[in-house]
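Below is one structure; the comments refer to it alone.
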Amino acid sequence: MLSPGIVARLSKLKTALVPLAGGWREARVGVTETPSGLDIVIEGAKPKEAALAAFAGEPASLGVARLTCDGESIGPVAAPEIELSGVKVKLSPGAFLQAAGEAEAVMAGLVREGVGDARRIADLFAGLGTFTFALARAAAVDAFEADEAVLEVLAEAWRKTQGLKPVKTFRRDLFRAPLSAKELGAYDAVVFDPPRAGASAQAAMLAKSGVARLVAVSCNPGTLARKLRILVDGGYRIARVVPIDQFLFSPHVEIVAHLER
């Protein structure tokens, strides 16, 4: 999504960023709006020192908080912060976020409703904690994610925030090593929000588990339908499905589904 803050700066950003791409045939630029300014990530190009030096005086006038080129951050040492369910979280360069803050808030509310009064929850594919912190207002949460750097950010944010229930982080590639039915048995509810490709192996393990409540979040109705088929065949009942149109001007839609045994 393009926020007004990004749109207003697009022309100046293009002028300032094109020299950084140099002679590279293709470069990918990601721009995220944060309370402290724009967080820009450039992939596929290695700017020359002269181009970086020329850009050094631009961030303030462009409202740029940080520029990251092929993994190397340029600018202030402090990482920009965002808020996830009222918790301040340092933004890792290029980290996954929901497309719109308004939609994210609605989704977090639906996720909380879906887990009911669960006291111990597994948050699979947790990322920076999009749903972890919303859940931790009332329940202990185990957050599983493959990216260790992202998990460290999540854990740090939890330690610095008062009023949350315990949150534990676990580095795990859920595509290659999904939680088993036995491991899942320790939880009252499970939330899973996998990448667009889905997570069939984890869905198969969930179908064999005895977890009372599941909340599935997906931006791909096709893969979600296949996961729900697996879960229903495993004995779950679909209690609610809510579409959220957070990808305006595109055919894509976000979906939150509640399942119960």
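Residues are named by chain letter and number: chains run A, B, ... in the order of the structure tokens, numbers start at 1 in each chain, and ligands are numbered from 1 in the order shown.
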(message) I'd like the contact shell of Glu26 in chain A - 12 Å cut-off, only C-alpha atoms, skipping same-chain residues fewer than 3 positions apart - returned as an MDAnalysis selection string.
(response) chainID A and resid 18 20:23 29 42:46
Save the residues we just selected, N, CA and C atoms, as a PDB file, in the first residue's frame?
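Done, and the output landed in selection-v9.pdb:
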```pdb
ATOM      1  N   VAL A  18      17.971   6.928  -7.661  1.00  0.00           N
ATOM      2  CA  VAL A  18      18.444   6.408  -8.949  1.00  0.00           C
ATOM      3  C   VAL A  18      19.974   6.358  -9.032  1.00  0.00           C
ATOM      4  N   LEU A  20      22.030   5.736  -6.788  1.00  0.00           N
ATOM      5  CA  LEU A  20      22.534   4.638  -5.963  1.00  0.00           C
ATOM      6  C   LEU A  20      22.491   3.310  -6.709  1.00  0.00           C
ATOM      7  N   ALA A  21      21.559   3.206  -7.660  1.00  0.00           N
ATOM      8  CA  ALA A  21      21.456   1.968  -8.436  1.00  0.00           C
ATOM      9  C   ALA A  21      22.589   1.849  -9.445  1.00  0.00           C
ATOM     10  N   GLY A  22      23.215   2.976  -9.783  1.00  0.00           N
ATOM     11  CA  GLY A  22      24.359   2.958 -10.695  1.00  0.00           C
ATOM     12  C   GLY A  22      24.006   2.312 -12.022  1.00  0.00           C
ATOM     13  N   GLY A  23      24.885   1.456 -12.502  1.00  0.00           N
ATOM     14  CA  GLY A  23      24.664   0.817 -13.799  1.00  0.00           C
ATOM     15  C   GLY A  23      23.997  -0.538 -13.705  1.00  0.00           C
ATOM     16  N   VAL A  29      13.500  -1.732  -4.612  1.00  0.00           N
ATOM     17  CA  VAL A  29      13.468  -0.736  -3.548  1.00  0.00           C
ATOM     18  C   VAL A  29      12.196  -0.916  -2.728  1.00  0.00           C
ATOM     19  N   ILE A  42      17.270  -1.202  -0.334  1.00  0.00           N
ATOM     20  CA  ILE A  42      17.614  -1.416  -1.738  1.00  0.00           C
ATOM     21  C   ILE A  42      18.292  -2.777  -1.862  1.00  0.00           C
ATOM     22  N   GLU A  43      17.771  -3.604  -2.758  1.00  0.00           N
ATOM     23  CA  GLU A  43      18.347  -4.930  -2.991  1.00  0.00           C
ATOM     24  C   GLU A  43      18.760  -5.054  -4.455  1.00  0.00           C
ATOM     25  N   GLY A  44      19.863  -5.723  -4.694  1.00  0.00           N
ATOM     26  CA  GLY A  44      20.292  -5.977  -6.057  1.00  0.00           C
ATOM     27  C   GLY A  44      21.229  -4.930  -6.635  1.00  0.00           C
ATOM     28  N   ALA A  45      21.628  -3.959  -5.830  1.00  0.00           N
ATOM     29  CA  ALA A  45      22.559  -2.930  -6.309  1.00  0.00           C
ATOM     30  C   ALA A  45      23.552  -2.601  -5.208  1.00  0.00           C
ATOM     31  N   LYS A  46      24.789  -2.380  -5.594  1.00  0.00           N
ATOM     32  CA  LYS A  46      25.826  -1.998  -4.648  1.00  0.00           C
ATOM     33  C   LYS A  46      26.326  -0.612  -5.024  1.00  0.00           C
TER      34      LYS A  46
END
```
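Every protein or nucleic acid residue with an atom no more than 10 Å from Leu2 in chain A, counting only C-alpha atoms and leaving out same-chain residues fewer than 2 positions away, appears here: Pro4, Gly5, Ile6, Val7, Ala8, Leu10, Val31, Thr32, Glu33, Ala99, Ala100 and Leu248 of chain A.
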Please provide as an mmCIF file with N, CA and C atoms, in the first residue's frame all residues within 7 Å of Ala143 in chain A, with the sequence filter that same-chain residues fewer than 4 positions apart are discarded (counting only C-alpha atoms).
```cif
data_model
loop_
_atom_site.group_PDB
_atom_site.id
_atom_site.type_symbol
_atom_site.label_atom_id
_atom_site.label_comp_id
_atom_site.auth_asym_id
_atom_site.auth_seq_id
_atom_site.Cartn_x
_atom_site.Cartn_y
_atom_site.Cartn_z
ATOM 1 N N ALA A 122 0.390 -21.090 20.769
ATOM 2 C CA ALA A 122 1.537 -21.145 19.855
ATOM 3 C C ALA A 122 1.253 -20.196 18.693
ATOM 4 N N ASP A 123 2.194 -19.291 18.434
ATOM 5 C CA ASP A 123 2.080 -18.361 17.316
ATOM 6 C C ASP A 123 3.098 -18.803 16.265
ATOM 7 N N LEU A 124 2.613 -19.462 15.221
ATOM 8 C CA LEU A 124 3.497 -20.020 14.196
ATOM 9 C C LEU A 124 3.713 -19.021 13.071
ATOM 10 N N ALA A 126 5.658 -16.318 13.407
ATOM 11 C CA ALA A 126 5.333 -15.136 14.213
ATOM 12 C C ALA A 126 5.884 -13.832 13.654
ATOM 13 N N THR A 132 1.644 -11.803 18.074
ATOM 14 C CA THR A 132 2.195 -12.258 19.354
ATOM 15 C C THR A 132 1.822 -11.323 20.491
ATOM 16 N N LYS A 168 7.850 -16.661 24.856
ATOM 17 C CA LYS A 168 9.083 -17.384 24.577
ATOM 18 C C LYS A 168 9.254 -17.499 23.064
ATOM 19 N N THR A 169 10.488 -17.392 22.605
ATOM 20 C CA THR A 169 10.754 -17.455 21.169
ATOM 21 C C THR A 169 11.527 -18.723 20.821
ATOM 22 N N PHE A 170 11.203 -19.293 19.664
ATOM 23 C CA PHE A 170 11.840 -20.523 19.206
ATOM 24 C C PHE A 170 12.172 -20.396 17.728
#
```
Run DSSP on the backbone of this structure and report the residues of range 172-238 of chain A it assigns to strand (DSSP E), as a short mmCIF file (atom, residue, chain, number, x, y, z; two decimals) with N, CA and C atoms, in the first residue's frame.
```cif
data_model
loop_
_atom_site.label_atom_id
_atom_site.label_comp_id
_atom_site.auth_asym_id
_atom_site.auth_seq_id
_atom_site.Cartn_x
_atom_site.Cartn_y
_atom_site.Cartn_z
N ALA A 189 -4.54 -23.18 22.07
CA ALA A 189 -4.89 -22.60 20.77
C ALA A 189 -3.62 -22.39 19.96
N VAL A 190 -3.77 -22.39 18.64
CA VAL A 190 -2.64 -22.16 17.74
C VAL A 190 -3.05 -21.14 16.69
N VAL A 191 -2.17 -20.16 16.46
CA VAL A 191 -2.36 -19.17 15.41
C VAL A 191 -1.27 -19.41 14.37
N PHE A 192 -1.65 -19.47 13.09
CA PHE A 192 -0.61 -19.63 12.07
C PHE A 192 -0.89 -18.73 10.88
N ARG A 213 -8.62 -24.89 19.57
CA ARG A 213 -8.94 -23.75 18.71
C ARG A 213 -7.75 -23.42 17.79
N LEU A 214 -8.05 -23.16 16.53
CA LEU A 214 -7.05 -22.73 15.57
C LEU A 214 -7.50 -21.43 14.93
N VAL A 215 -6.53 -20.57 14.62
CA VAL A 215 -6.80 -19.36 13.85
C VAL A 215 -5.83 -19.37 12.67
N ALA A 216 -6.39 -19.42 11.47
CA ALA A 216 -5.57 -19.41 10.25
C ALA A 216 -5.67 -18.05 9.59
N VAL A 217 -4.51 -17.47 9.26
CA VAL A 217 -4.45 -16.18 8.59
C VAL A 217 -3.73 -16.37 7.26
N SER A 218 -4.29 -15.83 6.18
CA SER A 218 -3.69 -16.04 4.87
C SER A 218 -4.04 -14.92 3.91
N ARG A 237 -13.95 -27.97 12.72
CA ARG A 237 -15.12 -27.30 12.16
C ARG A 237 -14.78 -25.83 11.93
N ILE A 238 -15.09 -25.33 10.75
CA ILE A 238 -14.86 -23.91 10.47
C ILE A 238 -15.96 -23.12 11.12
#
```
(message) List the spatial neighbours of Phe249 in chain A as a ChimeraX atom specification - criterion: any atom at most 12 Å away, only C-alpha atoms, same-chain residues fewer than 3 positions off excluded.
(response) /A:1-2,245-246,252-253
(request) Would you work out the distance separating CA of Val106 in chain A from CA of Ile244 in chain A, expressed in Å to one decimal? (result)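 Answer for the CA of Val106 in chain A to CA of Ile244 in chain A separation: 8.4 Å.
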Any idea what's packed within 8 Å of Gly127 in chain A, counting only C-alpha atoms, ignoring anything in its chain fewer than 6 positions away? Could you give it as an mmCIF file with C-alpha atoms, in the first residue's frame?
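Written output follows (around.cif):
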```
data_model
loop_
_atom_site.group_PDB
_atom_site.id
_atom_site.type_symbol
_atom_site.label_atom_id
_atom_site.label_comp_id
_atom_site.auth_asym_id
_atom_site.auth_seq_id
_atom_site.Cartn_x
_atom_site.Cartn_y
_atom_site.Cartn_z
ATOM 1 C CA ALA A 95 11.021 -7.354 7.634
ATOM 2 C CA PHE A 96 7.499 -8.495 6.754
ATOM 3 C CA GLU A 145 9.916 -18.217 13.427
ATOM 4 C CA ASP A 147 14.564 -15.850 11.133
ATOM 5 C CA VAL A 150 13.589 -11.186 13.779
ATOM 6 C CA LEU A 151 13.069 -13.336 16.875
ATOM 7 C CA LEU A 154 10.550 -9.679 19.102
#
```
(request) Quick one: pull the distance between CA of Leu259 in chain A and CA of Glu148 in chain A, Å, one decimal. (result)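 Separation of CA of Leu259 in chain A and CA of Glu148 in chain A: 29.4 Å.
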(message) Using only C-alpha atoms, which protein or nucleic acid residues come within 9 Å of Val64 in chain A? Drop anything in the same chain fewer than 6 positions from it, and give the result as a ChimeraX atom specification.
(response) /A:36-40,58,75
Mind dumping the selected residues with C-alpha atoms as a PDB file, in the first residue's frame?
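And here is the file that came out, result.pdb:
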```pdb
ATOM      1  CA  SER A  36      10.474   8.380  12.766  1.00  0.00           C
ATOM      2  CA  GLY A  37      10.582   8.531   8.960  1.00  0.00           C
ATOM      3  CA  LEU A  38      10.864   6.342   5.891  1.00  0.00           C
ATOM      4  CA  ASP A  39      12.807   3.090   6.094  1.00  0.00           C
ATOM      5  CA  ILE A  40      14.274   2.276   2.669  1.00  0.00           C
ATOM      6  CA  GLU A  58      19.585  13.882   1.637  1.00  0.00           C
ATOM      7  CA  GLY A  75      22.202   6.458   8.563  1.00  0.00           C
TER       8      GLY A  75
END
```
(message) Under the rule that only C-alpha atoms are counted, which of A:Gly210, A:Glu152, A:Leu84, A:Pro178 is the nearest residue to Ala136 in chain A?
(response) A:Leu84
(request) Could you give me the residues within range 108-186 of chain A that DSSP places in helix (DSSP H, G or I), as a list in words? (result)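 Everything in range 108-186 of chain A that counts as helix (DSSP H, G or I) is Ala108, Gly109, Leu110, Val111, Arg112, Glu113, Gly114, Val115, Thr132, Phe133, Ala134, Leu135, Glu148, Ala149, Val150, Leu151, Glu152, Val153, Leu154, Ala155, Glu156, Ala157, Trp158, Arg159, Ala181, Lys182, Glu183 and Leu184 of chain A.
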(message) as a PyMOL selection string, please: the residues near range 162-165 of chain A (cut-off 12 Å, only C-alpha atoms, same-chain neighbours under 2 positions excluded).
(response) chain A and resi 85-88+119-121+132-142+155+157-160+167-168
